[in-house]
file protein_11.pdb (PDB, C-alpha atoms)
ATOM      1  CA  MET A1446     -18.252 148.170  55.001
ATOM      2  CA  ARG A1447     -15.278 150.122  53.735
ATOM      3  CA  ARG A1448     -16.161 153.550  52.339
ATOM      4  CA  ARG A1449     -14.295 154.661  49.216
ATOM      5  CA  TRP A1450     -13.231 158.282  48.864
ATOM      6  CA  LEU A1451     -12.376 159.412  45.355
ATOM      7  CA  ILE A1452     -10.915 162.828  46.092
ATOM      8  CA  GLU A1453      -8.562 164.552  43.685
ATOM      9  CA  PRO A1454      -5.811 166.676  45.268
ATOM     10  CA  LEU A1455      -5.096 170.274  44.360
ATOM     11  CA  PRO A1456      -2.371 170.557  41.684
ATOM     12  CA  ARG A1457       1.084 171.046  43.191
ATOM     13  CA  TRP A1458       3.196 170.288  40.153
ATOM     14  CA  ARG A1459       5.468 173.275  40.608
ATOM     15  CA  GLY A1460       6.677 172.242  44.065
ATOM     16  CA  ILE A1461       6.931 168.603  43.075
ATOM     17  CA  SER A1462       8.878 169.439  39.914
ATOM     18  CA  LEU A1463      11.352 171.601  41.816
ATOM     19  CA  ALA A1464      11.843 168.883  44.403
ATOM     20  CA  LEU A1465      12.439 166.232  41.755
ATOM     21  CA  LEU A1466      14.915 168.515  39.945
ATOM     22  CA  TYR A1467      16.789 168.971  43.207
ATOM     23  CA  VAL A1468      16.885 165.201  43.712
ATOM     24  CA  LEU A1469      18.344 164.660  40.248
ATOM     25  CA  THR A1470      20.996 167.382  40.357
ATOM     26  CA  SER A1471      22.412 167.214  43.890
ATOM     27  CA  GLY A1472      24.405 164.595  45.715
ATOM     28  CA  CYS A1473      22.343 164.543  48.901
ATOM     29  CA  SER A1474      20.282 161.638  50.175
ATOM     30  CA  PRO A1475      16.595 161.652  49.137
ATOM     31  CA  LEU A1476      15.337 162.283  52.677
ATOM     32  CA  ALA A1477      17.847 165.098  53.210
ATOM     33  CA  LEU A1478      16.606 166.600  49.953
ATOM     34  CA  VAL A1479      13.011 166.501  51.096
ATOM     35  CA  SER A1480      13.998 168.335  54.266
ATOM     36  CA  ALA A1481      15.990 170.835  52.197
ATOM     37  CA  VAL A1482      13.088 171.749  49.914
ATOM     38  CA  SER A1483      10.409 171.730  52.611
ATOM     39  CA  ASN A1484       9.382 175.204  53.653
ATOM     40  CA  ASP A1485       7.308 174.988  56.817
ATOM     41  CA  ASP A1486       7.860 178.401  58.378
ATOM     42  CA  GLY A1487       7.261 179.364  61.979
ATOM     43  CA  VAL A1488       9.060 176.370  63.477
ATOM     44  CA  THR A1489      11.968 176.297  65.925
ATOM     45  CA  ALA A1490      14.246 173.317  66.566
ATOM     46  CA  SER A1491      16.145 172.181  69.637
ATOM     47  CA  THR A1492      18.544 169.435  68.596
ATOM     48  CA  ASP A1493      20.885 166.869  70.136
ATOM     49  CA  ARG A1494      19.043 166.392  73.412
ATOM     50  CA  ARG A1495      20.167 163.255  75.234
ATOM     51  CA  TYR A1496      17.635 160.791  76.606
ATOM     52  CA  GLY A1497      20.402 158.292  77.442
ATOM     53  CA  MET A1498      24.173 158.040  77.608
ATOM     54  CA  LEU A1499      24.800 156.182  74.325
ATOM     55  CA  PRO A1500      25.557 157.955  71.013
ATOM     56  CA  ARG A1501      22.229 157.057  69.367
ATOM     57  CA  GLN A1502      20.162 157.940  72.425
ATOM     58  CA  GLN A1503      19.504 161.511  71.336
ATOM     59  CA  LEU A1504      16.468 163.365  70.024
ATOM     60  CA  ASP A1505      15.433 166.589  68.301
ATOM     61  CA  ILE A1506      12.443 168.741  69.252
ATOM     62  CA  TYR A1507      10.419 170.923  66.863
ATOM     63  CA  SER A1508       8.082 173.583  68.241
ATOM     64  CA  PRO A1509       5.711 176.186  66.782
ATOM     65  CA  LYS A1510       7.556 179.507  66.790
ATOM     66  CA  SER A1511       4.545 181.568  67.827
ATOM     67  CA  GLY A1512       3.724 181.351  71.508
ATOM     68  CA  GLU A1513       0.712 179.210  72.357
ATOM     69  CA  ALA A1514      -1.652 180.237  75.145
ATOM     70  CA  ALA A1515      -2.023 176.606  76.174
ATOM     71  CA  LEU A1516       0.385 173.695  76.240
ATOM     72  CA  CYS A1517       0.701 171.892  72.904
ATOM     73  CA  PRO A1518       0.006 168.228  72.166
ATOM     74  CA  VAL A1519       3.187 166.206  71.714
ATOM     75  CA  VAL A1520       3.891 163.756  68.878
ATOM     76  CA  ILE A1521       6.921 161.462  69.162
ATOM     77  CA  PHE A1522       7.903 160.236  65.691
ATOM     78  CA  PHE A1523       9.954 157.068  65.140
ATOM     79  CA  TYR A1524      11.450 156.770  61.652
ATOM     80  CA  GLY A1525      11.776 153.555  59.659
ATOM     81  CA  GLY A1526      14.687 151.786  57.997
ATOM     82  CA  SER A1527      14.059 148.052  58.542
ATOM     83  CA  TRP A1528      15.343 148.399  62.138
ATOM     84  CA  GLN A1529      18.801 148.711  60.522
ATOM     85  CA  THR A1530      19.318 152.280  59.306
ATOM     86  CA  GLY A1531      18.227 155.869  59.775
ATOM     87  CA  GLU A1532      19.085 159.022  61.650
ATOM     88  CA  ARG A1533      16.864 161.715  63.080
ATOM     89  CA  GLY A1534      18.382 164.577  61.063
ATOM     90  CA  GLN A1535      16.974 163.088  57.851
ATOM     91  CA  TYR A1536      13.447 163.551  59.195
ATOM     92  CA  ARG A1537      13.509 167.263  59.904
ATOM     93  CA  PHE A1538      10.660 167.649  57.410
ATOM     94  CA  VAL A1539       8.468 165.421  59.605
ATOM     95  CA  GLY A1540       9.225 167.436  62.729
ATOM     96  CA  GLU A1541       8.575 170.704  60.922
ATOM     97  CA  ALA A1542       5.339 169.416  59.390
ATOM     98  CA  LEU A1543       3.972 168.420  62.788
ATOM     99  CA  ALA A1544       5.122 171.636  64.468
ATOM    100  CA  ALA A1545       3.480 173.648  61.684
ATOM    101  CA  GLN A1546       0.183 172.093  62.803
ATOM    102  CA  GLY A1547       0.671 173.474  66.316
ATOM    103  CA  PHE A1548       2.173 170.358  67.911
ATOM    104  CA  ILE A1549       5.471 169.728  69.661
ATOM    105  CA  ALA A1550       7.273 167.104  67.571
ATOM    106  CA  VAL A1551      10.012 164.885  68.968
ATOM    107  CA  VAL A1552      12.210 162.786  66.642
ATOM    108  CA  PRO A1553      14.475 160.319  68.501
ATOM    109  CA  ASP A1554      17.290 158.167  67.243
ATOM    110  CA  TYR A1555      17.459 154.597  68.522
ATOM    111  CA  ARG A1556      19.980 151.792  68.267
ATOM    112  CA  VAL A1557      19.689 149.546  65.214
ATOM    113  CA  TYR A1558      20.839 146.151  63.950
ATOM    114  CA  PRO A1559      23.500 144.728  63.925
ATOM    115  CA  GLU A1560      24.452 146.646  67.073
ATOM    116  CA  VAL A1561      21.246 145.468  68.743
ATOM    117  CA  LYS A1562      18.326 143.100  68.174
ATOM    118  CA  PHE A1563      14.691 143.066  69.286
ATOM    119  CA  PRO A1564      13.586 144.363  71.751
ATOM    120  CA  THR A1565      16.456 146.820  72.377
ATOM    121  CA  PHE A1566      15.251 149.392  69.831
ATOM    122  CA  VAL A1567      11.813 149.292  71.451
ATOM    123  CA  GLU A1568      13.436 149.790  74.848
ATOM    124  CA  ASP A1569      15.266 152.838  73.481
ATOM    125  CA  GLY A1570      11.896 154.129  72.327
ATOM    126  CA  ALA A1571      10.492 153.669  75.817
ATOM    127  CA  ALA A1572      13.421 155.612  77.279
ATOM    128  CA  ALA A1573      12.712 158.446  74.825
ATOM    129  CA  VAL A1574       9.059 158.507  75.927
ATOM    130  CA  ARG A1575      10.212 158.709  79.549
ATOM    131  CA  TRP A1576      12.426 161.696  78.711
ATOM    132  CA  VAL A1577       9.567 163.431  76.949
ATOM    133  CA  HIS A1578       7.257 162.816  79.894
ATOM    134  CA  ASP A1579       9.819 164.376  82.245
ATOM    135  CA  HIS A1580      11.073 167.307  80.131
ATOM    136  CA  ILE A1581       8.620 168.319  77.403
ATOM    137  CA  LEU A1582       6.942 170.906  79.623
ATOM    138  CA  GLU A1583      10.125 172.978  79.231
ATOM    139  CA  PHE A1584       9.389 173.238  75.497
ATOM    140  CA  GLY A1585       5.705 174.094  75.781
ATOM    141  CA  GLY A1586       4.457 170.526  75.407
ATOM    142  CA  ASP A1587       1.758 168.889  77.484
ATOM    143  CA  PRO A1588       3.064 165.639  79.060
ATOM    144  CA  ARG A1589      -0.566 164.542  79.530
ATOM    145  CA  ARG A1590      -1.172 164.645  75.741
ATOM    146  CA  VAL A1591       1.540 162.499  74.187
ATOM    147  CA  PHE A1592       0.982 160.615  70.924
ATOM    148  CA  LEU A1593       3.321 158.043  69.393
ATOM    149  CA  MET A1594       3.785 158.025  65.630
ATOM    150  CA  GLY A1595       6.011 156.063  63.289
ATOM    151  CA  HIS A1596       6.650 155.064  59.697
ATOM    152  CA  SER A1597       7.447 151.478  58.658
ATOM    153  CA  ALA A1598       9.826 149.952  61.257
ATOM    154  CA  GLY A1599       9.239 153.074  63.335
ATOM    155  CA  ALA A1600       5.516 152.355  63.300
ATOM    156  CA  HIS A1601       6.316 148.887  64.651
ATOM    157  CA  ILE A1602       8.274 150.468  67.517
ATOM    158  CA  ALA A1603       5.489 152.947  68.254
ATOM    159  CA  ALA A1604       2.878 150.166  68.147
ATOM    160  CA  MET A1605       4.880 147.935  70.481
ATOM    161  CA  LEU A1606       5.127 150.796  72.990
ATOM    162  CA  ALA A1607       1.419 151.570  72.690
ATOM    163  CA  LEU A1608       0.181 147.967  72.859
ATOM    164  CA  ASP A1609       2.663 145.912  74.913
ATOM    165  CA  PRO A1610       2.660 147.483  78.397
ATOM    166  CA  ARG A1611       5.933 145.872  79.486
ATOM    167  CA  HIS A1612       8.185 148.311  77.613
ATOM    168  CA  LEU A1613       6.774 151.509  79.104
ATOM    169  CA  ALA A1614       6.375 149.803  82.487
ATOM    170  CA  ALA A1615      10.158 149.422  82.613
ATOM    171  CA  GLN A1616      10.267 153.237  82.512
ATOM    172  CA  GLY A1617       7.543 153.718  85.116
ATOM    173  CA  LEU A1618       4.910 154.525  82.491
ATOM    174  CA  SER A1619       1.920 152.811  80.895
ATOM    175  CA  PRO A1620       0.172 152.841  77.500
ATOM    176  CA  GLU A1621      -2.635 154.571  79.375
ATOM    177  CA  ASP A1622      -0.291 157.552  79.686
ATOM    178  CA  LEU A1623      -0.563 157.924  75.881
ATOM    179  CA  ARG A1624      -3.361 159.739  74.090
ATOM    180  CA  GLY A1625      -3.016 157.716  70.915
ATOM    181  CA  PHE A1626      -0.881 155.907  68.359
ATOM    182  CA  ILE A1627      -0.424 156.867  64.677
ATOM    183  CA  GLY A1628       1.016 154.290  62.297
ATOM    184  CA  LEU A1629       2.170 154.995  58.727
ATOM    185  CA  ALA A1630       2.716 151.844  56.657
ATOM    186  CA  GLY A1631       3.491 149.815  59.749
ATOM    187  CA  PRO A1632       4.370 146.109  60.049
ATOM    188  CA  TYR A1633       2.115 144.888  62.852
ATOM    189  CA  ASP A1634       1.567 141.232  61.906
ATOM    190  CA  PHE A1635       4.404 140.094  59.635
ATOM    191  CA  LEU A1636       5.291 136.481  60.480
ATOM    192  CA  PRO A1637       6.803 134.289  59.129
ATOM    193  CA  LEU A1638      10.065 136.128  58.460
ATOM    194  CA  LYS A1639      11.804 135.683  55.115
ATOM    195  CA  SER A1640      14.778 138.071  55.214
ATOM    196  CA  ALA A1641      17.933 136.636  56.808
ATOM    197  CA  ALA A1642      18.483 139.926  58.647
ATOM    198  CA  LEU A1643      14.948 139.936  60.050
ATOM    199  CA  VAL A1644      15.297 136.312  61.139
ATOM    200  CA  ASP A1645      18.371 137.341  63.120
ATOM    201  CA  ILE A1646      16.762 140.515  64.480
ATOM    202  CA  PHE A1647      13.564 138.835  65.673
ATOM    203  CA  GLY A1648      14.754 135.371  66.682
ATOM    204  CA  GLY A1649      14.084 132.834  63.937
ATOM    205  CA  ALA A1650      12.166 132.349  60.695
ATOM    206  CA  ASP A1651       8.916 131.768  62.560
ATOM    207  CA  GLY A1652       9.680 134.706  64.791
ATOM    208  CA  ILE A1653       8.112 135.042  68.199
ATOM    209  CA  PRO A1654       4.521 136.208  68.708
ATOM    210  CA  ASP A1655       5.849 138.662  71.280
ATOM    211  CA  THR A1656       7.586 140.559  68.437
ATOM    212  CA  GLN A1657       4.230 141.332  66.785
ATOM    213  CA  PRO A1658       2.156 144.355  67.894
ATOM    214  CA  ILE A1659      -1.108 142.590  67.027
ATOM    215  CA  THR A1660      -0.397 140.077  69.817
ATOM    216  CA  PHE A1661      -0.898 142.742  72.484
ATOM    217  CA  VAL A1662      -4.144 144.422  71.456
ATOM    218  CA  SER A1663      -6.442 144.686  74.459
ATOM    219  CA  THR A1664      -9.534 146.499  75.614
ATOM    220  CA  ARG A1665      -7.229 149.106  77.186
ATOM    221  CA  SER A1666      -5.200 149.874  74.051
ATOM    222  CA  PRO A1667      -4.918 153.600  73.195
ATOM    223  CA  PRO A1668      -6.895 154.961  70.232
ATOM    224  CA  ALA A1669      -5.120 154.349  66.924
ATOM    225  CA  LEU A1670      -4.913 155.958  63.490
ATOM    226  CA  LEU A1671      -3.591 153.522  60.864
ATOM    227  CA  LEU A1672      -2.604 154.980  57.483
ATOM    228  CA  HIS A1673      -1.343 152.873  54.589
ATOM    229  CA  GLY A1674      -0.793 153.096  50.842
ATOM    230  CA  ALA A1675      -2.734 150.636  48.706
ATOM    231  CA  ASP A1676       0.309 150.292  46.400
ATOM    232  CA  ASP A1677       2.730 149.508  49.234
ATOM    233  CA  THR A1678       4.729 146.397  48.303
ATOM    234  CA  THR A1679       7.300 146.827  51.100
ATOM    235  CA  VAL A1680       4.869 146.528  54.002
ATOM    236  CA  ARG A1681       1.560 145.199  52.726
ATOM    237  CA  PRO A1682      -1.628 147.063  53.710
ATOM    238  CA  GLY A1683      -2.936 143.831  55.222
ATOM    239  CA  ASN A1684      -0.845 144.677  58.288
ATOM    240  CA  SER A1685      -3.052 147.689  58.980
ATOM    241  CA  ASP A1686      -6.200 145.797  58.018
ATOM    242  CA  ARG A1687      -5.514 142.998  60.479
ATOM    243  CA  LEU A1688      -4.527 145.271  63.346
ATOM    244  CA  SER A1689      -7.571 147.445  62.745
ATOM    245  CA  ALA A1690      -9.864 144.401  62.695
ATOM    246  CA  ARG A1691      -8.357 143.071  65.903
ATOM    247  CA  MET A1692      -8.806 146.377  67.696
ATOM    248  CA  ARG A1693     -12.418 146.629  66.558
ATOM    249  CA  GLN A1694     -13.046 143.054  67.662
ATOM    250  CA  LEU A1695     -12.073 144.068  71.183
ATOM    251  CA  GLY A1696     -14.093 147.280  71.088
ATOM    252  CA  GLY A1697     -11.133 149.622  70.676
ATOM    253  CA  SER A1698     -11.074 153.003  68.966
ATOM    254  CA  VAL A1699      -9.296 152.765  65.609
ATOM    255  CA  SER A1700      -9.421 154.673  62.322
ATOM    256  CA  GLU A1701      -7.899 153.156  59.188
ATOM    257  CA  THR A1702      -7.281 154.932  55.890
ATOM    258  CA  ILE A1703      -5.879 153.256  52.780
ATOM    259  CA  TYR A1704      -4.677 155.775  50.166
ATOM    260  CA  LYS A1705      -5.182 154.406  46.699
ATOM    261  CA  GLY A1706      -2.205 154.931  44.388
ATOM    262  CA  ILE A1707       0.294 155.567  47.204
ATOM    263  CA  GLY A1708       3.333 153.407  47.975
ATOM    264  CA  HIS A1709       5.608 152.880  50.953
ATOM    265  CA  SER A1710       7.695 156.040  50.497
ATOM    266  CA  GLY A1711       4.862 158.236  49.262
ATOM    267  CA  ILE A1712       2.890 158.060  52.498
ATOM    268  CA  LEU A1713       5.890 159.497  54.365
ATOM    269  CA  LEU A1714       6.780 162.122  51.769
ATOM    270  CA  ALA A1715       3.168 163.335  51.849
ATOM    271  CA  LEU A1716       3.988 164.901  55.216
ATOM    272  CA  SER A1717       6.474 167.274  53.559
ATOM    273  CA  SER A1718       5.390 170.619  52.158
ATOM    274  CA  PRO A1719       6.471 169.926  48.523
ATOM    275  CA  PHE A1720       4.573 166.629  48.389
ATOM    276  CA  LYS A1721       1.623 167.211  50.695
ATOM    277  CA  GLY A1722      -0.740 167.333  47.711
ATOM    278  CA  ILE A1723      -0.319 163.643  46.894
ATOM    279  CA  ALA A1724      -2.362 162.484  49.903
ATOM    280  CA  PRO A1725      -3.833 164.230  52.971
ATOM    281  CA  VAL A1726      -1.570 162.424  55.457
ATOM    282  CA  ARG A1727      -0.627 165.653  57.209
ATOM    283  CA  ALA A1728      -4.260 166.731  57.539
ATOM    284  CA  ASP A1729      -5.415 163.286  58.689
ATOM    285  CA  VAL A1730      -2.734 163.111  61.385
ATOM    286  CA  ALA A1731      -3.537 166.638  62.559
ATOM    287  CA  ALA A1732      -7.263 165.886  62.727
ATOM    288  CA  PHE A1733      -6.614 162.782  64.836
ATOM    289  CA  VAL A1734      -4.472 164.691  67.318
ATOM    290  CA  ARG A1735      -6.837 167.654  67.473
ATOM    291  CA  ALA A1736      -9.816 165.394  68.101
ATOM    292  CA  ASP A1737      -8.234 164.659  71.468
ATOM    293  CA  ALA A1738      -9.034 168.245  72.477
ATOM    294  CA  GLN A1739     -12.630 167.070  72.858
ATOM    295  CA  THR A1740     -11.554 165.049  75.880
ATOM    296  CA  SER A1741     -10.916 166.621  79.257
ATOM    297  CA  GLY A1742      -8.310 166.100  81.945
ATOM    298  CA  SER A1743      -5.907 163.195  81.549
ATOM    299  CA  ALA A1744      -8.517 160.473  81.082
ATOM    300  CA  LEU A1745      -9.034 159.069  77.598
ATOM    301  CA  ASP A1746     -12.485 159.026  76.088
ATOM    302  CA  ARG A1747     -12.413 155.652  74.317
ATOM    303  CA  THR A1748     -15.643 156.406  72.437
ATOM    304  CA  ALA A1749     -14.701 159.841  71.069
ATOM    305  CA  ALA A1750     -13.459 158.502  67.707
ATOM    306  CA  PRO A1751     -15.755 155.817  66.259
ATOM    307  CA  PRO A1752     -14.138 153.096  64.145
ATOM    308  CA  ARG A1753     -14.035 153.805  60.433
ATOM    309  CA  SER A1754     -12.220 152.682  57.330
ATOM    310  CA  GLN A1755     -11.809 154.391  53.996
ATOM    311  CA  ILE A1756      -9.862 154.355  50.761
ATOM    312  CA  ALA A1757      -8.623 157.544  49.112
ATOM    313  CA  ARG A1758      -7.247 157.937  45.583
ATOM    314  CA  TYR A1759      -4.366 160.249  44.653
ATOM    315  CA  PRO A1760      -2.805 160.131  41.191
ATOM    316  CA  PHE A1761       0.889 160.916  41.775
ATOM    317  CA  ASN A1762       1.883 157.425  42.899
ATOM    318  CA  ARG A1763       4.192 156.775  39.935
ATOM    319  CA  LEU A1764       6.507 159.536  41.149
ATOM    320  CA  LEU A1765       6.866 158.079  44.618
ATOM    321  CA  ARG A1766       6.714 154.310  44.337
ATOM    322  CA  PRO A1767       9.479 152.740  46.497
TER     323      PRO A1767
END
call {"tool": "encode", "arguments": {"input": "protein_11.pdb", "output": "structure tokens"}}
result
Amino acid sequence: MRRRWLIEPLPRWRGISLALLYVLTSGCSPLALVSAVSNDDGVTASTDRRYGMLPRQQLDIYSPKSGEAALCPVVIFFYGGSWQTGERGQYRFVGEALAAQGFIAVVPDYRVYPEVKFPTFVEDGAAAVRWVHDHILEFGGDPRRVFLMGHSAGAHIAAMLALDPRHLAAQGLSPEDLRGFIGLAGPYDFLPLKSAALVDIFGGADGIPDTQPITFVSTRSPPALLLHGADDTTVRPGNSDRLSARMRQLGGSVSETIYKGIGHSGILLALSSPFKGIAPVRADVAAFVRADAQTSGSALDRTAAPPRSQIARYPFNRLLRP
């Protein structure tokens, strides 16, 4: 049975008001504005690292500024944009938010439509994971503790890498090399396709089952954290519900949280410092990654995080509806 959490956030109207004022009075893009008003201190960035030879095969790395005695967990974040838009610099606030929690955050670009179609953007993601596996030790990250995370289309890419072993296998890796997968408002089971662009991207109105992450759930799938907004009309919460149910059916480790009153954009903005009071996305992601510290060595403990599902209510949804 789904448990309902009715938790009210601490008031953060001052930060939210300043951020909204900035949005209204400047000419920058909304995501650039969020990065501009975020104030996660103690973070260093290493930008423009190449994981391939093509212009969009680059990534940025965000690290805690204070030296850690032990190697840090690594979170690779794939942004959304309907597989058609986006650039890593717009998501500095995500990298800083994760690094502020003591993690190494990696934000890659990847090729998008119409330059490429499925599965090329997933293959770019796999190449980025390979680079991280080979180089993240140089930045204080633990290559044995790598998590994939994404929002919207980026969550689809992360899920495909975590669930369909063929993509990482092409890079000499396996989903079993991952410690977990974190999906924010992800499309995991979205056939049939209605948009003309998506029909072209994924190969027809009926699509192909191989384009859907839910197709590849198995008993060996990495642990998953699925977060979704109940008010999301861009990617319906049923995507997370169905993937969660499928993973549980096969005995997998999955946690699902539906935030009541949160839409498609709000769940992402909740990672930023000005908006983190609208929903505990940052805290929930950090708790999932830190729970991995209870495991030892490089082997995953599939029973460490028991399945659960919950709904949380946060009242600022009208500000952030997509």
call {"tool": "closest_residue", "arguments": {"input": "protein_11.pdb", "among": "A:Asn1684, A:Ile1712, A:Pro1632, A:Leu1516", "to": "A:Asp1587", "atoms": "only C-alpha atoms"}}
result
A:Leu1516
call {"tool": "atom_distance", "arguments": {"input": "protein_11.pdb", "atom1": "atom CA of A:Asp1645", "atom2": "atom CA of A:Ala1600"}}
result
19.8 Å
call {"tool": "closest_residue", "arguments": {"input": "protein_11.pdb", "among": "A:Glu1701, A:Tyr1633, A:Ile1707, A:Val1644", "to": "A:Gly1722", "atoms": "only C-alpha atoms"}}
result
A:Ile1707
call {"tool": "resolve_selection", "arguments": {"input": "protein_11.pdb", "expression": "the PyMOL selection byres ((chain A and resi 1655) around 12)", "output": "VMD selection string"}}
result
chain A and resid 1563 to 1564 1605 1608 to 1612 1633 to 1636 1647 to 1648 1651 to 1654 1656 to 1662
call {"tool": "closest_residue", "arguments": {"input": "protein_11.pdb", "among": "A:Pro1725, A:Gly1540, A:Pro1518, A:Gly1586", "to": "A:Asp1737", "atoms": "only C-alpha atoms"}}
result
A:Pro1518
call {"tool": "residues_around", "arguments": {"input": "protein_11.pdb", "residues": "stretch 1727-1729 of chain A", "least_positions_apart": "4", "cutoff": "8 Å", "atoms": "all atoms listed in the file", "output": "list in words"}}
result
Ala1542, Leu1543, Ala1715, Leu1716, Lys1721 and Phe1733 of chain A
call {"tool": "resolve_selection", "arguments": {"input": "protein_11.pdb", "expression": "the PyMOL selection byres ((chain A and resi 1616) around 7)", "output": "number ranges by chain"}}
result
A: 1571-1572, 1575, 1613-1615, 1617-1618
call {"tool": "write_last_selection", "arguments": {"input": "protein_11.pdb", "atoms": "C-alpha atoms", "output": "JSON list (two decimals), keeping the file's coordinate frame"}}
result
[["chain", "number", "residue", "atom", "x", "y", "z"],
["A", 1571, "ALA", "CA", 10.49, 153.67, 75.82],
["A", 1572, "ALA", "CA", 13.42, 155.61, 77.28],
["A", 1575, "ARG", "CA", 10.21, 158.71, 79.55],
["A", 1613, "LEU", "CA", 6.77, 151.51, 79.10],
["A", 1614, "ALA", "CA", 6.38, 149.80, 82.49],
["A", 1615, "ALA", "CA", 10.16, 149.42, 82.61],
["A", 1617, "GLY", "CA", 7.54, 153.72, 85.12],
["A", 1618, "LEU", "CA", 4.91, 154.52, 82.49]]
call {"tool": "atom_distance", "arguments": {"input": "protein_11.pdb", "atom1": "atom CA of A:Asp1505", "atom2": "atom CA of A:Ala1604"}}
result
20.7 Å
call {"tool": "atom_distance", "arguments": {"input": "protein_11.pdb", "atom1": "atom CA of A:Gly1526", "atom2": "atom CA of A:Asp1677"}}
result
15.0 Å
call {"tool": "residues_around", "arguments": {"input": "protein_11.pdb", "residues": "A:Ala1603", "least_positions_apart": "4", "cutoff": "7 Å", "atoms": "all atoms listed in the file", "output": "JSON list (two decimals) with C-alpha atoms, in the coordinates of the input"}}
result
[["chain", "number", "residue", "atom", "x", "y", "z"],
["A", 1523, "PHE", "CA", 9.95, 157.07, 65.14],
["A", 1593, "LEU", "CA", 3.32, 158.04, 69.39],
["A", 1594, "MET", "CA", 3.78, 158.02, 65.63],
["A", 1595, "GLY", "CA", 6.01, 156.06, 63.29],
["A", 1599, "GLY", "CA", 9.24, 153.07, 63.34],
["A", 1607, "ALA", "CA", 1.42, 151.57, 72.69]]
call {"tool": "closest_residue", "arguments": {"input": "protein_11.pdb", "among": "A:Asp1579, A:Thr1678, A:Ile1646, A:Gln1546", "to": "A:Gly1706", "atoms": "only C-alpha atoms"}}
result
A:Thr1678
call {"tool": "closest_residue", "arguments": {"input": "protein_11.pdb", "among": "A:Leu1672, A:Leu1504, A:Leu1713, A:Val1699", "to": "A:Gly1631", "atoms": "all atoms listed in the file"}}
result
A:Leu1672
call {"tool": "closest_residue", "arguments": {"input": "protein_11.pdb", "among": "A:Val1567, A:Val1577, A:Leu1638, A:Ile1703", "to": "A:Ile1521", "atoms": "only C-alpha atoms"}}
result
A:Val1577
call {"tool": "resolve_selection", "arguments": {"input": "protein_11.pdb", "expression": "the PyMOL selection byres ((chain A and resi 1539) around 10)", "output": "JSON, numbers by chain"}}
result
{"A": [1479, 1480, 1483, 1507, 1522, 1524, 1533, 1535, 1536, 1537, 1538, 1540, 1541, 1542, 1543, 1544, 1545, 1550, 1551, 1552, 1713, 1714, 1715, 1716, 1717, 1718, 1727]}
call {"tool": "write_last_selection", "arguments": {"input": "protein_11.pdb", "atoms": "C-alpha atoms", "output": "compact mmCIF listing (two decimals), in the frame of the given file"}}
result
# COMPACT_ATOMS: atom_id res chain seq x y z
CA VAL A 1479 13.01 166.50 51.10
CA SER A 1480 14.00 168.34 54.27
CA SER A 1483 10.41 171.73 52.61
CA TYR A 1507 10.42 170.92 66.86
CA PHE A 1522 7.90 160.24 65.69
CA TYR A 1524 11.45 156.77 61.65
CA ARG A 1533 16.86 161.72 63.08
CA GLN A 1535 16.97 163.09 57.85
CA TYR A 1536 13.45 163.55 59.20
CA ARG A 1537 13.51 167.26 59.90
CA PHE A 1538 10.66 167.65 57.41
CA GLY A 1540 9.22 167.44 62.73
CA GLU A 1541 8.57 170.70 60.92
CA ALA A 1542 5.34 169.42 59.39
CA LEU A 1543 3.97 168.42 62.79
CA ALA A 1544 5.12 171.64 64.47
CA ALA A 1545 3.48 173.65 61.68
CA ALA A 1550 7.27 167.10 67.57
CA VAL A 1551 10.01 164.88 68.97
CA VAL A 1552 12.21 162.79 66.64
CA LEU A 1713 5.89 159.50 54.36
CA LEU A 1714 6.78 162.12 51.77
CA ALA A 1715 3.17 163.34 51.85
CA LEU A 1716 3.99 164.90 55.22
CA SER A 1717 6.47 167.27 53.56
CA SER A 1718 5.39 170.62 52.16
CA ARG A 1727 -0.63 165.65 57.21
